[in-house]
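Chemist: final32.csv (CSV, C-alpha atoms) pasted underneath:
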```
chain,number,residue,atom,x,y,z
I,159,MET,CA,89.8,-37.0,54.3
I,160,ILE,CA,93.0,-37.3,56.3
I,161,GLU,CA,95.0,-34.1,56.7
I,162,ALA,CA,98.7,-34.0,57.5
I,163,SER,CA,98.8,-31.9,60.6
I,164,SER,CA,102.0,-30.0,61.3
I,165,GLN,CA,103.3,-26.5,61.9
I,166,LEU,CA,106.8,-25.3,60.9
I,167,LYS,CA,108.9,-23.1,63.1
I,168,ILE,CA,112.0,-21.9,61.4
I,169,ALA,CA,115.2,-21.6,63.5
I,170,PRO,CA,118.5,-19.9,62.6
I,171,ALA,CA,121.0,-21.8,60.5
I,172,ARG,CA,123.4,-24.1,62.3
I,173,SER,CA,126.1,-26.5,61.4
I,174,GLN,CA,125.3,-30.2,61.3
I,175,SER,CA,127.4,-31.6,64.1
I,176,SER,CA,127.5,-35.4,64.5
I,177,LEU,CA,124.7,-36.9,66.6
I,178,ALA,CA,125.4,-39.3,69.5
I,179,ARG,CA,123.1,-41.9,68.2
I,180,LYS,CA,122.9,-43.9,65.0
I,181,PRO,CA,120.2,-43.2,62.4
I,182,TYR,CA,117.4,-45.8,62.3
I,183,ASP,CA,116.9,-45.1,58.6
I,184,ARG,CA,118.5,-43.3,55.7
I,185,TRP,CA,117.6,-42.2,52.2
I,186,LEU,CA,120.4,-43.0,49.8
I,187,ALA,CA,121.1,-41.5,46.4
I,188,PRO,CA,121.5,-43.9,43.5
I,189,ASP,CA,125.3,-43.6,44.0
I,190,GLY,CA,124.9,-44.7,47.6
I,191,VAL,CA,125.5,-41.3,49.2
I,192,SER,CA,123.4,-40.5,52.2
I,193,GLN,CA,120.8,-37.8,51.4
I,194,ALA,CA,118.7,-38.0,54.6
I,195,GLU,CA,119.2,-39.6,58.0
I,196,PHE,CA,116.4,-40.4,60.4
I,197,TYR,CA,116.9,-40.3,64.2
I,198,ARG,CA,114.7,-40.7,67.2
I,199,SER,CA,114.3,-38.0,69.8
I,200,THR,CA,112.7,-38.1,73.2
I,201,ASP,CA,109.5,-36.8,71.8
I,202,GLY,CA,109.5,-37.7,68.1
I,203,PHE,CA,112.0,-37.7,65.3
I,204,ILE,CA,115.0,-35.8,63.9
I,205,ILE,CA,115.4,-35.8,60.1
I,206,ARG,CA,118.7,-34.5,58.7
I,207,PHE,CA,119.0,-33.7,55.1
I,208,VAL,CA,122.8,-33.8,54.8
I,209,GLY,CA,124.2,-30.4,54.1
I,210,GLN,CA,120.8,-28.8,53.6
I,211,ALA,CA,118.6,-28.7,56.7
I,212,GLU,CA,117.5,-30.5,59.8
I,213,PHE,CA,114.0,-30.9,61.2
I,214,HIS,CA,112.8,-31.9,64.6
I,215,LEU,CA,109.3,-33.5,64.6
I,216,GLY,CA,107.8,-33.3,68.0
I,217,GLU,CA,104.6,-35.4,68.4
I,218,ARG,CA,101.6,-33.5,69.8
I,219,SER,CA,99.1,-35.2,72.0
I,220,ASP,CA,96.6,-35.0,69.2
I,221,GLY,CA,98.8,-37.1,66.9
I,222,GLY,CA,100.0,-34.1,64.9
I,223,PHE,CA,103.5,-32.7,64.9
I,224,VAL,CA,105.3,-29.4,65.8
I,225,VAL,CA,108.1,-29.2,63.3
I,226,THR,CA,111.2,-27.0,63.9
I,227,GLY,CA,113.6,-26.6,61.0
I,228,TRP,CA,117.2,-25.4,60.9
I,229,PRO,CA,118.9,-24.6,57.6
I,230,ALA,CA,122.4,-26.0,57.4
I,231,LYS,CA,125.2,-23.5,57.4
I,232,GLY,CA,125.6,-22.3,53.8
I,233,SER,CA,122.1,-23.3,53.0
I,234,GLY,CA,119.0,-21.2,53.4
I,235,GLU,CA,115.4,-20.8,54.3
I,236,ARG,CA,114.2,-21.5,50.7
I,237,VAL,CA,115.8,-24.9,50.8
I,238,LEU,CA,114.3,-25.5,54.2
I,239,ARG,CA,110.8,-24.6,53.1
I,240,THR,CA,111.1,-26.8,49.9
I,241,LEU,CA,112.2,-29.8,52.0
I,242,TYR,CA,109.4,-29.2,54.4
I,243,ARG,CA,106.9,-29.1,51.7
I,244,ASN,CA,108.2,-31.9,49.5
I,245,ALA,CA,109.5,-34.3,52.1
I,246,ILE,CA,108.4,-33.5,55.7
I,247,GLN,CA,104.8,-32.9,54.9
I,248,PRO,CA,104.5,-36.1,52.8
I,249,LEU,CA,106.3,-38.1,55.6
I,250,ILE,CA,103.9,-36.8,58.2
I,251,GLY,CA,101.0,-37.3,55.8
I,252,ASN,CA,101.7,-41.0,55.3
I,253,HIS,CA,102.5,-41.5,59.0
I,254,SER,CA,98.9,-40.1,59.7
I,255,GLY,CA,97.3,-42.5,57.3
I,256,GLY,CA,97.5,-40.5,54.1
I,257,LEU,CA,99.0,-41.4,50.8
I,258,PHE,CA,101.9,-39.4,49.4
I,259,LEU,CA,104.2,-40.5,46.6
I,260,HIS,CA,107.4,-39.0,45.3
I,261,GLY,CA,106.6,-37.8,41.8
I,262,SER,CA,104.8,-35.4,39.6
I,263,ALA,CA,101.3,-35.3,38.0
I,264,VAL,CA,99.4,-33.6,35.3
I,265,GLN,CA,95.8,-33.6,34.2
I,266,LEU,CA,95.2,-34.9,30.7
I,267,VAL,CA,93.3,-32.7,28.3
I,268,ARG,CA,91.3,-34.6,25.7
I,269,ALA,CA,89.6,-33.3,22.7
I,270,GLY,CA,90.9,-29.8,23.2
I,271,SER,CA,89.3,-28.7,26.4
I,272,ILE,CA,87.7,-31.7,28.1
I,273,LEU,CA,89.6,-32.4,31.3
I,274,GLY,CA,90.4,-36.1,31.8
I,275,GLY,CA,92.0,-38.0,34.6
I,276,ALA,CA,95.4,-37.4,36.1
I,277,ILE,CA,98.6,-39.2,35.1
I,278,ALA,CA,101.5,-39.4,37.4
I,279,PHE,CA,105.2,-40.1,37.1
I,280,LEU,CA,107.3,-41.9,39.8
I,281,GLY,CA,111.0,-42.4,39.8
I,282,LEU,CA,114.3,-41.8,41.5
I,283,SER,CA,115.8,-38.3,41.8
I,284,ARG,CA,116.9,-37.0,38.5
I,285,SER,CA,115.0,-39.6,36.6
I,286,GLY,CA,112.9,-37.1,34.6
I,287,LYS,CA,109.6,-37.0,36.4
I,288,THR,CA,109.3,-33.2,36.5
I,289,THR,CA,110.7,-32.8,33.0
I,290,LEU,CA,107.9,-35.1,31.7
I,291,ALA,CA,105.3,-33.3,33.7
I,292,GLY,CA,106.6,-29.9,32.7
I,293,ALA,CA,106.7,-30.9,29.0
I,294,LEU,CA,103.1,-32.1,29.2
I,295,ALA,CA,102.1,-28.9,31.0
I,296,LYS,CA,103.8,-26.9,28.3
I,297,ALA,CA,101.7,-28.9,25.8
I,298,GLY,CA,98.5,-27.8,27.5
I,299,HIS,CA,97.9,-30.5,30.2
I,300,PRO,CA,97.5,-28.7,33.5
I,301,LEU,CA,100.1,-29.3,36.1
I,302,ILE,CA,98.7,-30.7,39.3
I,303,THR,CA,101.7,-31.3,41.5
I,304,GLU,CA,105.5,-31.6,41.3
I,305,ASP,CA,107.8,-33.6,43.5
I,306,ALA,CA,105.2,-34.9,45.9
I,307,ILE,CA,101.9,-36.4,44.9
I,308,ASP,CA,99.2,-36.0,47.5
I,309,ILE,CA,96.5,-38.6,46.9
I,310,ASP,CA,93.0,-38.3,48.4
I,311,ILE,CA,91.5,-41.8,48.8
I,312,ARG,CA,87.8,-41.5,48.2
I,313,ALA,CA,85.0,-44.0,47.7
I,314,ASP,CA,85.0,-43.2,44.0
I,315,GLY,CA,88.8,-43.6,43.5
I,316,HIS,CA,92.2,-42.0,44.1
I,317,TRP,CA,92.3,-38.3,43.5
I,318,VAL,CA,95.4,-36.2,43.1
I,319,ARG,CA,95.3,-32.9,45.0
I,320,PRO,CA,96.8,-29.8,43.5
I,321,ARG,CA,99.8,-28.5,45.6
I,322,GLY,CA,100.3,-25.0,44.4
I,323,ALA,CA,101.6,-23.4,41.2
I,324,HIS,CA,105.3,-23.9,41.0
I,325,LEU,CA,107.7,-26.1,39.1
I,326,ARG,CA,111.2,-27.0,40.2
I,327,LEU,CA,113.5,-28.1,37.4
I,328,PHE,CA,117.1,-28.7,36.9
I,329,HIS,CA,118.8,-26.0,34.9
I,330,ASP,CA,119.1,-28.1,31.7
I,331,SER,CA,115.4,-29.0,31.8
I,332,ALA,CA,114.5,-25.4,32.5
I,333,ARG,CA,116.5,-24.2,29.5
I,334,HIS,CA,114.9,-26.8,27.3
I,335,LEU,CA,111.3,-26.2,28.4
I,336,LEU,CA,111.4,-22.5,28.9
I,337,GLY,CA,114.3,-21.4,26.7
I,338,ALA,CA,115.5,-19.3,29.6
I,339,GLU,CA,118.5,-19.2,31.9
I,340,ALA,CA,117.7,-19.8,35.5
I,341,SER,CA,119.9,-18.1,38.0
I,342,GLY,CA,120.9,-18.4,41.6
I,343,ASP,CA,121.5,-22.2,42.0
I,344,THR,CA,124.2,-24.5,41.1
I,345,ALA,CA,123.8,-26.9,38.1
I,346,ASP,CA,123.2,-29.8,40.5
I,347,GLU,CA,120.3,-28.1,42.2
I,348,LYS,CA,116.8,-27.4,41.0
I,349,CYS,CA,115.6,-23.9,40.2
I,350,GLU,CA,112.1,-22.9,41.1
I,351,ILE,CA,110.1,-21.7,38.2
I,352,ALA,CA,107.1,-19.4,38.9
I,353,ILE,CA,104.1,-20.7,37.1
I,354,ASP,CA,102.6,-18.2,34.7
I,355,ASP,CA,100.7,-18.4,31.5
I,356,ARG,CA,103.3,-20.6,30.0
I,357,PHE,CA,102.0,-23.5,32.0
I,358,PRO,CA,98.3,-24.3,32.8
I,359,VAL,CA,97.8,-25.3,36.4
I,360,ALA,CA,95.0,-27.5,37.8
I,361,ASP,CA,93.2,-26.0,40.8
I,362,GLU,CA,90.9,-28.9,41.5
I,363,PRO,CA,91.7,-32.5,42.4
I,364,ALA,CA,91.7,-35.0,39.5
I,365,PRO,CA,91.1,-38.7,39.5
I,366,LEU,CA,94.3,-40.6,39.1
I,367,LYS,CA,94.1,-43.0,36.1
I,368,HIS,CA,97.6,-43.9,35.1
I,369,LEU,CA,100.9,-44.2,36.9
I,370,PHE,CA,104.2,-44.4,35.0
I,371,ILE,CA,107.2,-45.7,36.9
I,372,LEU,CA,110.4,-44.5,35.3
I,373,GLY,CA,113.2,-46.9,34.7
I,374,LYS,CA,116.7,-46.4,35.9
I,375,ASP,CA,118.5,-46.8,32.6
I,376,HIS,CA,118.8,-43.3,31.1
I,377,HIS,CA,120.0,-44.7,27.8
I,378,ALA,CA,117.2,-47.3,27.3
I,379,ASP,CA,115.1,-47.4,24.2
I,380,LEU,CA,111.6,-46.1,24.4
I,381,ALA,CA,109.3,-48.8,25.9
I,382,ILE,CA,106.1,-48.7,27.8
I,383,ARG,CA,104.9,-51.9,29.5
I,384,LYS,CA,101.7,-52.3,31.4
I,385,LEU,CA,102.3,-53.8,34.8
I,386,SER,CA,100.1,-56.3,36.6
I,387,SER,CA,98.9,-55.1,40.1
I,388,ALA,CA,101.3,-57.6,41.7
I,389,GLU,CA,104.2,-56.1,39.7
I,390,ALA,CA,103.1,-52.5,40.4
I,391,LEU,CA,102.9,-52.8,44.2
I,392,PRO,CA,106.6,-53.4,44.8
I,393,ALA,CA,107.4,-50.9,42.1
I,394,ILE,CA,105.4,-48.1,43.7
I,395,LEU,CA,106.5,-48.8,47.3
I,396,PRO,CA,110.0,-47.4,47.1
I,397,HIS,CA,108.5,-44.1,45.8
I,398,SER,CA,106.4,-43.5,48.9
I,399,PHE,CA,107.3,-41.7,52.1
I,400,VAL,CA,107.7,-43.7,55.3
I,401,LEU,CA,108.6,-41.8,58.5
I,402,ASP,CA,109.1,-44.8,60.8
I,403,VAL,CA,110.3,-48.0,59.1
I,404,GLU,CA,110.2,-49.7,62.5
I,405,ASP,CA,106.5,-49.0,63.1
I,406,ARG,CA,105.1,-52.3,62.0
I,407,GLU,CA,101.5,-51.4,62.4
I,408,ARG,CA,101.8,-48.2,60.3
I,409,LEU,CA,104.0,-50.0,57.7
I,410,ALA,CA,101.4,-52.7,57.2
I,411,ALA,CA,98.6,-50.2,56.8
I,412,HIS,CA,100.8,-48.2,54.3
I,413,PHE,CA,101.4,-51.4,52.3
I,414,VAL,CA,97.6,-52.0,52.1
I,415,ARG,CA,97.0,-48.4,50.9
I,416,ILE,CA,99.6,-48.9,48.2
I,417,ALA,CA,98.2,-52.3,47.2
I,418,ASP,CA,94.8,-50.7,46.8
I,419,LEU,CA,96.3,-48.0,44.6
I,420,ALA,CA,98.1,-50.6,42.5
I,421,GLN,CA,94.8,-52.4,42.0
I,422,ALA,CA,92.8,-49.3,41.2
I,423,VAL,CA,95.1,-47.5,38.8
I,424,CYS,CA,96.6,-48.5,35.5
I,425,CYS,CA,100.4,-48.8,36.1
I,426,HIS,CA,103.1,-48.8,33.5
I,427,ALA,CA,106.9,-49.3,33.4
I,428,LEU,CA,108.3,-46.5,31.3
I,429,ASP,CA,111.8,-46.6,29.8
I,430,TYR,CA,113.1,-44.0,27.5
I,431,PRO,CA,116.3,-42.2,26.5
I,432,ARG,CA,116.9,-39.0,28.5
I,433,GLN,CA,117.5,-36.8,25.5
I,434,TYR,CA,115.4,-33.7,25.0
I,435,ALA,CA,115.2,-34.4,21.3
I,436,GLU,CA,113.3,-37.6,22.1
I,437,LEU,CA,110.7,-35.9,24.3
I,438,PRO,CA,108.0,-35.4,21.6
I,439,ARG,CA,108.2,-39.1,20.8
I,440,VAL,CA,108.0,-40.1,24.5
I,441,LEU,CA,105.1,-37.8,25.1
I,442,ALA,CA,103.2,-39.3,22.1
I,443,ALA,CA,103.9,-42.8,23.4
I,444,ILE,CA,102.6,-41.9,26.9
I,445,ALA,CA,99.5,-40.3,25.4
I,446,ALA,CA,98.8,-43.4,23.3
I,447,SER,CA,99.2,-45.8,26.2
I,448,THR,CA,96.7,-43.8,28.2
I,449,ARG,CA,94.2,-44.2,25.4
I,450,THR,CA,94.6,-47.9,25.0
I,451,ALA,CA,95.3,-49.3,28.5
I,452,SER,CA,92.9,-49.7,31.3
I,453,VAL,CA,93.0,-51.5,34.7
Z,169,MET,CA,118.2,-76.5,55.3
Z,170,SER,CA,116.0,-78.1,52.6
Z,171,ALA,CA,117.3,-81.5,53.5
Z,172,HIS,CA,115.6,-81.1,56.9
Z,173,ILE,CA,112.2,-80.2,55.6
Z,174,THR,CA,109.8,-83.1,55.0
Z,175,LEU,CA,106.2,-83.4,53.9
Z,176,GLU,CA,105.3,-84.0,57.6
Z,177,ASP,CA,106.5,-80.6,58.7
Z,178,ARG,CA,104.1,-77.8,59.6
Z,179,PHE,CA,104.7,-74.0,59.3
Z,180,THR,CA,103.0,-70.8,60.3
Z,181,ILE,CA,103.4,-67.4,58.7
Z,182,SER,CA,105.7,-65.0,60.5
Z,183,ASP,CA,104.1,-62.1,62.4
Z,184,GLU,CA,106.5,-59.8,60.6
Z,185,VAL,CA,104.9,-60.5,57.2
Z,186,VAL,CA,102.0,-58.7,55.5
Z,187,ALA,CA,100.6,-60.1,52.3
Z,188,ARG,CA,98.3,-59.0,49.7
Z,189,GLU,CA,96.7,-61.1,46.9
Z,190,LEU,CA,96.4,-59.1,43.6
Z,191,ASN,CA,94.7,-60.8,40.7
Z,192,GLY,CA,95.8,-64.3,41.6
Z,193,GLU,CA,99.4,-63.4,42.6
Z,194,MET,CA,100.6,-62.7,46.1
Z,195,VAL,CA,103.0,-59.9,47.2
Z,196,LEU,CA,104.7,-60.2,50.5
Z,197,LEU,CA,106.3,-57.5,52.6
Z,198,ASP,CA,108.7,-58.5,55.3
Z,199,LEU,CA,108.2,-55.7,57.8
Z,200,ALA,CA,111.5,-56.5,59.6
Z,201,SER,CA,113.7,-56.2,56.5
Z,202,GLY,CA,111.5,-54.1,54.2
Z,203,GLN,CA,112.0,-56.7,51.5
Z,204,TYR,CA,109.3,-57.6,49.0
Z,205,PHE,CA,108.5,-61.0,47.6
Z,206,GLY,CA,106.2,-62.2,44.9
Z,207,LEU,CA,104.4,-65.5,44.5
Z,208,ASP,CA,102.8,-66.8,41.3
Z,209,PRO,CA,99.2,-68.2,41.4
Z,210,VAL,CA,100.3,-71.6,42.8
Z,211,GLY,CA,102.6,-70.0,45.3
Z,212,ALA,CA,99.8,-67.6,46.2
Z,213,ARG,CA,97.4,-70.6,46.9
Z,214,ILE,CA,100.1,-72.3,49.0
Z,215,TRP,CA,100.5,-69.0,51.0
Z,216,ALA,CA,96.7,-68.8,51.5
Z,217,LEU,CA,96.7,-72.4,52.8
Z,218,LEU,CA,99.6,-71.6,55.2
Z,219,SER,CA,97.5,-68.7,56.4
Z,220,GLU,CA,94.5,-70.9,57.2
Z,221,ARG,CA,96.1,-73.1,59.7
Z,222,PRO,CA,99.4,-75.1,60.1
Z,223,TYR,CA,98.7,-77.9,57.7
Z,224,THR,CA,101.5,-80.4,57.1
Z,225,LEU,CA,103.1,-80.0,53.7
Z,226,ALA,CA,101.6,-83.3,52.7
Z,227,GLU,CA,98.1,-81.9,53.4
Z,228,ILE,CA,99.0,-78.8,51.3
Z,229,CYS,CA,100.2,-81.1,48.5
Z,230,ASP,CA,96.8,-82.9,48.6
Z,231,ARG,CA,95.0,-79.6,48.1
Z,232,ILE,CA,97.3,-78.4,45.3
Z,233,ASP,CA,97.1,-81.8,43.6
Z,234,ALA,CA,93.3,-81.5,43.6
Z,235,GLU,CA,93.3,-77.9,42.3
Z,236,PHE,CA,96.1,-77.7,39.8
Z,237,ASP,CA,97.1,-79.9,36.9
Z,238,ALA,CA,100.6,-81.1,37.7
Z,239,PRO,CA,102.3,-84.4,38.6
Z,240,ARG,CA,102.3,-85.2,42.3
Z,241,SER,CA,106.0,-85.7,42.4
Z,242,ARG,CA,106.6,-82.2,41.0
Z,243,ILE,CA,104.1,-80.6,43.4
Z,244,GLU,CA,105.9,-82.2,46.3
Z,245,ALA,CA,109.4,-81.1,45.1
Z,246,ASP,CA,108.3,-77.6,44.3
Z,247,LEU,CA,106.4,-77.2,47.7
Z,248,VAL,CA,109.4,-78.4,49.7
Z,249,ALA,CA,111.7,-76.0,47.7
Z,250,LEU,CA,109.2,-73.1,48.3
Z,251,ALA,CA,109.0,-73.9,52.0
Z,252,ASN,CA,112.7,-73.9,52.2
Z,253,THR,CA,113.0,-70.5,50.5
Z,254,LEU,CA,110.2,-69.0,52.7
Z,255,GLN,CA,111.8,-70.4,55.8
Z,256,GLU,CA,115.3,-69.1,54.8
Z,257,GLN,CA,113.7,-65.6,54.3
Z,258,ALA,CA,112.0,-65.9,57.7
Z,259,LEU,CA,108.6,-65.5,56.1
Z,260,ILE,CA,107.4,-68.7,57.7
Z,261,VAL,CA,108.3,-70.4,60.9
Z,262,ALA,CA,108.4,-74.2,61.6
Z,263,LYS,CA,105.7,-75.3,64.0
Z,264,ALA,CA,106.5,-78.0,66.6
Z,265,ALA,CA,104.6,-81.2,66.0
```
Can you dump the structure from the file as structure tokens?

Modeler:
Amino acid sequence: MIEASSQLKIAPARSQSSLARKPYDRWLAPDGVSQAEFYRSTDGFIIRFVGQAEFHLGERSDGGFVVTGWPAKGSGERVLRTLYRNAIQPLIGNHSGGLFLHGSAVQLVRAGSILGGAIAFLGLSRSGKTTLAGALAKAGHPLITEDAIDIDIRADGHWVRPRGAHLRLFHDSARHLLGAEASGDTADEKCEIAIDDRFPVADEPAPLKHLFILGKDHHADLAIRKLSSAEALPAILPHSFVLDVEDRERLAAHFVRIADLAQAVCCHALDYPRQYAELPRVLAAIAASTRTASV
Amino acid sequence: MSAHITLEDRFTISDEVVARELNGEMVLLDLASGQYFGLDPVGARIWALLSERPYTLAEICDRIDAEFDAPRSRIEADLVALANTLQEQALIVAKAA
């Protein structure tokens, strides 16, 4: 097992002044706005989440990292910790030979109580991954992870590790799934829902059986199409975490790990209308496709 | 560029490319640009031959002609077109004779 080795030190909030150098990589939102910028430092990396937080990743001699995080002015420690957990740890994990994907996963319950394999949802931000996972969890399928999927590559398959009992939802999804008002955040930010008896939670790893890659068209008709491994590989890659896009050796190894995953797991393209009234029909179609499709 | 490629030309695969065959198809990742490319089963076979050693395109045509059911003229035209595309994308590099 490969463990992402890092420690977080939290520093006082500071403003995000411009840096002298240019970023070697960026994460862009679907509208082209820069969400995160990646810079090199003398001993590692600086990752700036614009308007939210900044992290310095100092490489240790053992290959691990010492991470220092600064909330941006007007942001806070909670945002910093969420970014560390859902972005920095996955970046370091993949850099260290692990396999993290951006998405959510649940464990399917068959025949009432028999725990089946895991199904995962990958997609861009605000594409509905967590809403689908939350709706399935509300229907009795234990939530394994939300926002970052930590995959343990074993001889007997790809296993999804549980990452703690919490669910981060946008307010509209929280209202729909929980019938409750969440407070404290703006409508454009997710609110963190404490998991309680409303949602079953998996506390053991589960073998990943199905991957659903969510389409970009939020008005599309419901359609699920099984992907060939060759179609799945480039579809999965954008939803993984890469710390250093210029590190050819690591990038090639990462490509191989994703290719192995695409070959081992049944992958589907999922399009559906993002309307809460349609969720029951979407969940039924997802469940049906997991019964009929195999690798 | 395609006008300059002939069946006597030889190519090698760029060091910046990593490829993976998946159920008969080939997926290529250009490590320099981060772009992905897909090749159908015939393209995948051509890529595999390019990976073996710098055959001439004529030699690759001979192999494809023997393995796939298609007119020789079409194989030659498609191979030159594919070589042109791969070269334009810097996925293969012309090798000096």

Chemist: Mind checking which residues fall within 12 Å of I:Thr450, counting all atoms listed in the file, ignoring those fewer than 3 positions away in the same chain, and posting them as a PyMOL selection string?

Modeler: chain I and resi 368+382-384+424+443-447+453

Chemist: I want to know what sits within 10 Å of stretch 190-204 of chain I, based on all atoms listed in the file, with residues of the same chain fewer than 3 positions away left out; could you give that as a PyMOL selection string?

Modeler: chain I and resi 177+179-187+207-218+223-227+401-403

Chemist: So the first atom is atom CA of Z:Glu184 and the second is atom CA of I:Arg406; what is the distance between them in Å, to one decimal place?

Modeler: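 Separation between atom CA of Z:Glu184 and atom CA of I:Arg406: 7.8 Å.
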
Chemist: Go through Z:Thr174, Z:Ile232, Z:Asp183, Z:Tyr204 and flag the residue nearest chain I, using all atoms listed in the file for the distances.

Modeler: Z:Tyr204

Chemist: Tell me which of I:Ile371, I:Ile277, I:Ile394, I:Ala364 sits closest to I:Ala291, counting all atoms listed in the file.

Modeler: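 Using all atoms listed in the file, the shortest distance to I:Ala291 belongs to I:Ile277.
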
Chemist: What does the structure give for the distance between atom CA of I:Ala169 and atom CA of I:Pro229, in Å to one decimal?

Modeler: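 Atom-to-atom, atom CA of I:Ala169 and atom CA of I:Pro229 are spaced 7.6 Å apart.
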
Chemist: In Å, with one decimal, what is the gap from atom CA of Z:Asp208 to atom CA of I:Leu395?

Modeler: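 Those two atoms sit 19.3 Å apart.
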
Chemist: With all atoms listed in the file as the basis for distance, which of I:Gly234, I:Gly261, I:Pro300, I:Gly286 is at the shortest distance from I:Pro396?

Modeler: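 Among I:Gly234, I:Gly261, I:Pro300, I:Gly286, it is I:Gly261 that comes nearest to I:Pro396.
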
Chemist: Between Z:Ser201, Z:Thr253, Z:Thr224, Z:Asn191, which is the closest to I:Leu409 once you count only C-alpha atoms?

Modeler: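 Checking each candidate against I:Leu409, we get Z:Ser201 as the closest.
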
Chemist: Sorted by chain and rising residue number, list the residues of chain I at most 7 Å from chain Z (counting all atoms listed in the file), each with its closest atom pair and distance in Å to one decimal, as a tab-separated table.

Modeler:
```
residue	atom	partner	partner_atom	distance
I:Ser387	CA	Z:Leu190	CA	5.9
I:Ala388	CA	Z:Leu190	CA	5.5
I:Pro392	CA	Z:Tyr204	CA	6.5
I:Arg406	CA	Z:Leu199	CA	6.2
I:Ala410	CA	Z:Val186	CA	6.3
```

Chemist: Got time to write the residues from that selection, C-alpha atoms, as a short mmCIF file (atom, residue, chain, number, x, y, z; two decimals), in the coordinates of the input?

Modeler:
```cif
data_model
loop_
_atom_site.label_atom_id
_atom_site.label_comp_id
_atom_site.auth_asym_id
_atom_site.auth_seq_id
_atom_site.Cartn_x
_atom_site.Cartn_y
_atom_site.Cartn_z
CA SER I 387 98.90 -55.10 40.10
CA ALA I 388 101.30 -57.60 41.70
CA PRO I 392 106.60 -53.40 44.80
CA ARG I 406 105.10 -52.30 62.00
CA ALA I 410 101.40 -52.70 57.20
#
```

Chemist: Out of Z:Leu217, Z:Leu247, Z:Ala258, Z:Ala264, which residue has the shortest atom-to-atom distance to Z:Ser182 when counting all atoms listed in the file?

Modeler: Z:Ala258

Chemist: Using all atoms listed in the file for the distances, tell me which of Z:Arg213, Z:Pro239, Z:Asp230, Z:Leu254 is nearest to Z:Leu175.

Modeler: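 So, comparing all the options, the nearest one is Z:Asp230.
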
Chemist: Show me, as an NGL selection string, the residues that have an atom within 12 Å of stretch 227-229 of chain Z when counting only C-alpha atoms, minus same-chain residues fewer than 5 positions from it.

Modeler: :Z and (174-179 or 210-211 or 213-222 or 234-236 or 238-248 or 251)

Chemist: What's the 8 Å shell around I:Lys287, counting all atoms listed in the file, without same-chain residues fewer than 3 positions away, as a ChimeraX atom specification?

Modeler: /I:261-262,279-281,284,290-291,372
